[in-house]
Amino acid sequence: MKPKVIPPDSSTEMKRLAQSNERSKHWMRWGPYLSERQWATVREDYSGDGDAWRFFPHDHARSRTYRWGEDGLAGLSDNHQRLCFSVALWNGQDKILKERLYGLTNHEGNHGEDVKELYYYLDNTPTHSYMKYLYKYPQAEFPYEQLVQESTRRGRTDPEFELLDTGIFDQDKYFDVFVEYAKDDEDVDDIFIKITAFNRGPQDAPLCIIPQIWFRNTWSWFPEGEVQIPSLKKVHPHVIKADHETLGKRWVYFEALAAEHDHGHGPELLFTNNESNTQRLFNDSNRSPYVKDGFHEYIINGKKEAVNTEDYHGTKAGGVYRFDKVPAGGHVQVRVRLSRQEGHGSIVPKKFDKILKERIQDAEEFYGNLALKNMTEDMRMIQRQALAGMLWSKQWYHFDQRSWRKGDPVGMAPPPERKDLRNREWRHLYIDDILSMPDKWEYPFFAAWDMAFHVIPLSIVDPTFAKNQLDLLTREWYMHPSGQIPAYEWNFSDVNPPVHAWAAFQVFRTEDRLYGRKDFLFLERVFQKLLLNFTWWVNRKDTEGNNVFEGGFLGLDNIGLFNRSEPLPNGATLRQADGTSWMAFFSLCMLHIALELAKRNPVYEDIASKFLEHFFHISDAMTYQSGGEEKSLWDTTDNFFYDSISWPGGNTQRLKTRSLVGVIPLFSVLSLDPEYLELFPGFTRRLEWLLAYREKHRPARVFKKEDSKENGSVLLALVDQTMLRAILKRVLDEEEFLSPFGIRSLSKFHKNNPLSMWMCGQEFKVEYLPAESDSGMFGGNSNWRGPIWLPTTYLLVVCLKRFHYFYGNDFKVECPTGSGIMKTLEEVAWEIEIRLMRLVRKNKQDRRPANGGHDKTDKDPFFKNLVLFYEYFDAETGRGLGASHQTGWTGLLAMIAQQVGDKCQETPPAFNGNANGAIKGN
């Protein structure tokens with residue numbers, strides 16, 4: 001049964017989304033578009049060796065002006081990041097004003113780069129009409145040196161040394177700093193900001209809160225006078241006027257603390273310039289006497305000359321609120337208003353409270369309509385925080401590759417070797433967009449295949465934004481003229497799995513299911529560009545022309561014997577089971593879209609036949625190589641798919657690593673119902689002719705279902721029933737792939753049976769490790785030697801539901817293997833979803849496994865309902881690993897929660913084949 005469609009007027013927030021899409025109100029002009037880290041990014045790297053971490057370290061961030069973006073704590077900006085707002089804090093102990101999140105560089109962390117802060121994305125609506133952020137700020141001096149020293153001392157096999165491990169949160173000596181934003185319905189550019197700091201400790205403690213506003217520096221990189229410098233100016237004891245050439249005028253109102261306030265003073269308005277302190281950084285004269293770190297020098301070091309007290313003017317400003325003591329167990333509050341309205345210095349307290357209350361109610365209404373009725377409160381909270389994280393991870397991303405390579409018109413020219421150091425083939429790239437980031441601290445840049453998974457949960461709350469993300473990556477200023485989609489800024493030419501066609505169709509179907517809209521124009525536009533991308537794959541990644549694809553990296557860091565992004569030793573080439581499977585998957589996804597488009601334009605029927613043929617060719621290459629059994633990627637002895645290595649001269653050898661590489665062939669599956677085929681007689685005749693022709697040569701991976709109920713259903717898949725059962729026997733074996741928390745990326749079989757190979761005097765080895773990898777093959781935090789990660793597990797769930805749609809309830813497998821319990825493939829998919837939700841859901845011991853067994857995060861009343869969405873997870877314990885805020889693809893848990901509801905129920909929810917990828921005629 002088709003789910004109930006959410007009406008466009010079902011909530012106030014839904015009406016805002018409609019206004020935004022119609023452009024009648026620009027609700028998304030302001031949002032959480034500030035990065036959590038701009039320092040040490042590729043865009044800010046003008047070095048000759050490409051070491052971005054060392055060229056622009058954290059120590060420079062407070063003093064050195066950024067070229068391509070800005071960062072800040074709980075930040076807000078407009079959609080071109082002209083004017084920025086964030087919160088700065090000082091506890092009276094720190095040596096550095098807390099203006100941005102701190103973390104270790106790739107060289108300092110024992111598992112690579114790693115943010116060392118406690119912060120949480122608590123709430124966000126799709127139009128950012130209401131947003132809520134929590135930062136936990138220690139009252140003792142922040143342990144910068146301790147974090148570096150201990151992390152550097154630890155080895156690759158040791159756990160990471162986290163902020164909680166320093167003991168700085170013992171006895172609850174910290175502040176919970178909540179930052180809330182609320183927009184006015186009458187004027188979307190009228191933004192009310194509330195900052196509330198709770199003292200969780202047993203003693204009174206001082207705190208300085210500095211709401212600050214500044215212009216991104218767009219003038220220092222060009223000859224003087226070429227770009228107009230914007231201005232911030234004091235126009236009232238509590239009001240700042242902002243004036244920008246294209247943004248226009250804005251006023252910032254700071255609420256004055258009551259004169260009778262016992263322990264607080266403010267606001268004291270400060271002004272400086274967003275200019276580099278070259279004196280501190282490079283022992284060179286400053287362009288301006290007032291520089292970026294002026295507030296730091298004034299507040300912490302008492303240097304009054306560091307800020308402009310003459311004409312109270314600059315390009316960076318703030319209001320300083322000093323609280324001599326925040327009462328133990330009590331709180332203090334600061335309120336600010338950013339508005340287009342020129343007033344008389346008042347934030348209008350009654351209106352402030354009214355707007356904030358209404359926006360909170362609107363958020364409750366919106367998410368209340370989305371949540372399933374059978375969800376527990378814990379599941380509702382998990383889904384809402386997952387979606388909040390997705391929305392907070394939107395970031396303005398600017399990159400002009402041609403200008404970046406050339407260097408700027410003023411200042412010292414970058415070293416000449418830099419031109420050929422990185423991404424030299426991408427000179428056409430020009431980006432000025434709001435993009436979904438994997439994580440705004442560890443990965444504050446777009447990643448193409450990550451984004452394909454981001455849009456799945458985003459399509460629940462804002463299908464328009466989700467479609468926009470996929471559309472952008474296929475535009476000519478992103479996509480290479482050759483048809484390649486840029487991977488990520490460290491190496492745009494790296495190869496990611498081709499999942500965009502699948503993601504585009506999933507978003508198309510989700511919008512139809514939830515909102516009753518079919519955006520054929522979006523689907524057709526993306527399809528046309530993906531034709532170019534498909535051709536690029538065929539021409540560039542099938543070097544021998546035999547439909548076996550090398551691919552390369554393909555998202556699976558460290559999962560195999562070799563670094564697949566680098567040439568293999570001795571001139572060998574890798575024949576990738578996953579690369580080839582991804583192309584079969586790509587073919588079926590394009591076929592799927594072509595048939596959907598053919599409903600409106602019969603031309604697409606012919607194109608569907610093209611992808612059908614591609615699928616046949618690839619299925620042959622997977623299992624029926626003309627060179628014999630050893631050329632096949634399917635091992636008939638082990639009944640599993642493996643990569644193989646080809647040596648100069650024609651010899652091949654299978655690399656018998658039991659990993660996701662051998663599971664990914666299951667993803668290539670599509671079910672066609674007979675009534676659907678009736679709509680396309682040309683395509684059906686072509687399918688029948690190909691089947692008849694191929695029967696003379698070799699079996700095709702096409703299966704027909706003949707029964708009285710659905711006569712003539714067709715399944716396209718790389719595996720038949722026998723192969724499917726054999727692979728699932730391993731996948732559902734708890735001593736191989738099936739973990740209590742999902743699917744391991746490497747079989748546990750390799751714990752006692754490591755795979756090793758010697759080449760050129762070097763040993764290459766794969767051994768099961770449930771958490772971080774002990775291999776430095778990729779450097780940094782490369783980590784896929786066993787942990788659980790969401791993208792491939794989610795795709796496995798999707799494909800199992802598609803197989804179930806075709807085979808029905810009569811097809812059952814043992815789950816778990818050896819248990820004697822027989823389940824349908826739908827029930828198996830549901831079992832995997834349940835295990836995934838265990839990562840973050842409270843268990844019987846009232847713990848969330850992702851927290852790693854830490855009493856503070858599991859038991860403390862101010863922590864236990866806060867959920868982090870990690871990059872990947874320990875396959876044995878469920879402990880969260882890698883980037884702690886990579887809601888990006890781990891946000892898929894929001895979609896899973898939407899599908900399974902209360903995971904404690906004893907029977908799975910009713911299956912909706914149409915929602916899970918089977919093609920039906922209606």
# chains A, B, ... in the order shown; residues from 1 in each chain; ligands from 1

call {"tool": "residues_around", "arguments": {"residues": "Asp420 of chain A", "least_positions_apart": "4", "cutoff": "9 Å", "atoms": "only C-alpha atoms", "output": "list of chain:residue names"}}
result
A:Arg405, A:Pro416, A:Arg424

call {"tool": "write_last_selection", "arguments": {"atoms": "C-alpha atoms", "output": "compact mmCIF listing (two decimals), in the first residue's frame"}}
result
# COMPACT_ATOMS: atom_id res chain seq x y z
CA ARG A 405 46.33 27.46 -9.47
CA PRO A 416 55.90 27.20 -9.59
CA ARG A 424 45.72 20.26 -12.76

call {"tool": "residues_around", "arguments": {"residues": "Leu34 of chain A", "least_positions_apart": "4", "cutoff": "7 Å", "atoms": "only C-alpha atoms", "output": "count of residues only"}}
result
8

call {"tool": "closest_residue", "arguments": {"among": "A:Ser587, A:Ser339, A:Thr152, A:Thr127", "to": "Glu108 of chain A", "atoms": "only C-alpha atoms"}}
result
A:Thr152

call {"tool": "atom_distance", "arguments": {"atom1": "atom CA of Gly579 of chain A", "atom2": "atom CA of Ala452 of chain A"}}
result
17.1 Å

call {"tool": "select_by_dssp", "arguments": {"residues": "segment 213-322 of chain A", "states": "strand (DSSP E or B)", "output": "count of residues only"}}
result
40

call {"tool": "atom_distance", "arguments": {"atom1": "atom CA of Val766 of chain A", "atom2": "atom CA of Leu893 of chain A"}}
result
29.3 Å

call {"tool": "residues_around", "arguments": {"residues": "Glu297 of chain A", "least_positions_apart": "2", "cutoff": "12 Å", "atoms": "only C-alpha atoms", "output": "compact mmCIF listing (two decimals) with C-alpha atoms, in the first residue's frame"}}
result
# COMPACT_ATOMS: atom_id res chain seq x y z
CA ARG A 62 42.98 33.15 14.64
CA SER A 63 45.49 35.52 13.00
CA LYS A 95 45.39 31.01 26.28
CA ILE A 96 43.34 31.19 23.08
CA LEU A 97 39.96 32.81 22.55
CA LEU A 270 34.59 45.88 19.75
CA THR A 272 38.85 45.29 14.28
CA ASN A 277 48.37 39.70 11.54
CA ARG A 280 52.80 37.75 14.38
CA TYR A 290 43.60 46.30 13.63
CA VAL A 291 43.80 42.65 12.60
CA LYS A 292 41.88 39.40 12.75
CA ASP A 293 43.07 38.36 16.22
CA GLY A 294 42.35 41.75 17.75
CA PHE A 295 39.60 40.42 20.04
CA ILE A 299 40.18 40.12 25.88
CA ILE A 300 42.91 37.69 26.91
CA ASN A 301 46.05 39.84 26.85
CA GLY A 302 44.45 43.18 27.73
CA LYS A 303 45.87 45.04 24.72
CA LYS A 304 43.49 47.96 24.30
CA GLU A 305 45.32 49.15 21.18
CA ALA A 306 44.36 45.89 19.40
CA VAL A 307 40.81 47.16 18.75

call {"tool": "residues_around", "arguments": {"residues": "segment 807-810 of chain A", "least_positions_apart": "3", "cutoff": "10 Å", "atoms": "only C-alpha atoms", "output": "PyMOL selection string"}}
result
chain A and resi 671+705+715+721+801-804+813+823-827
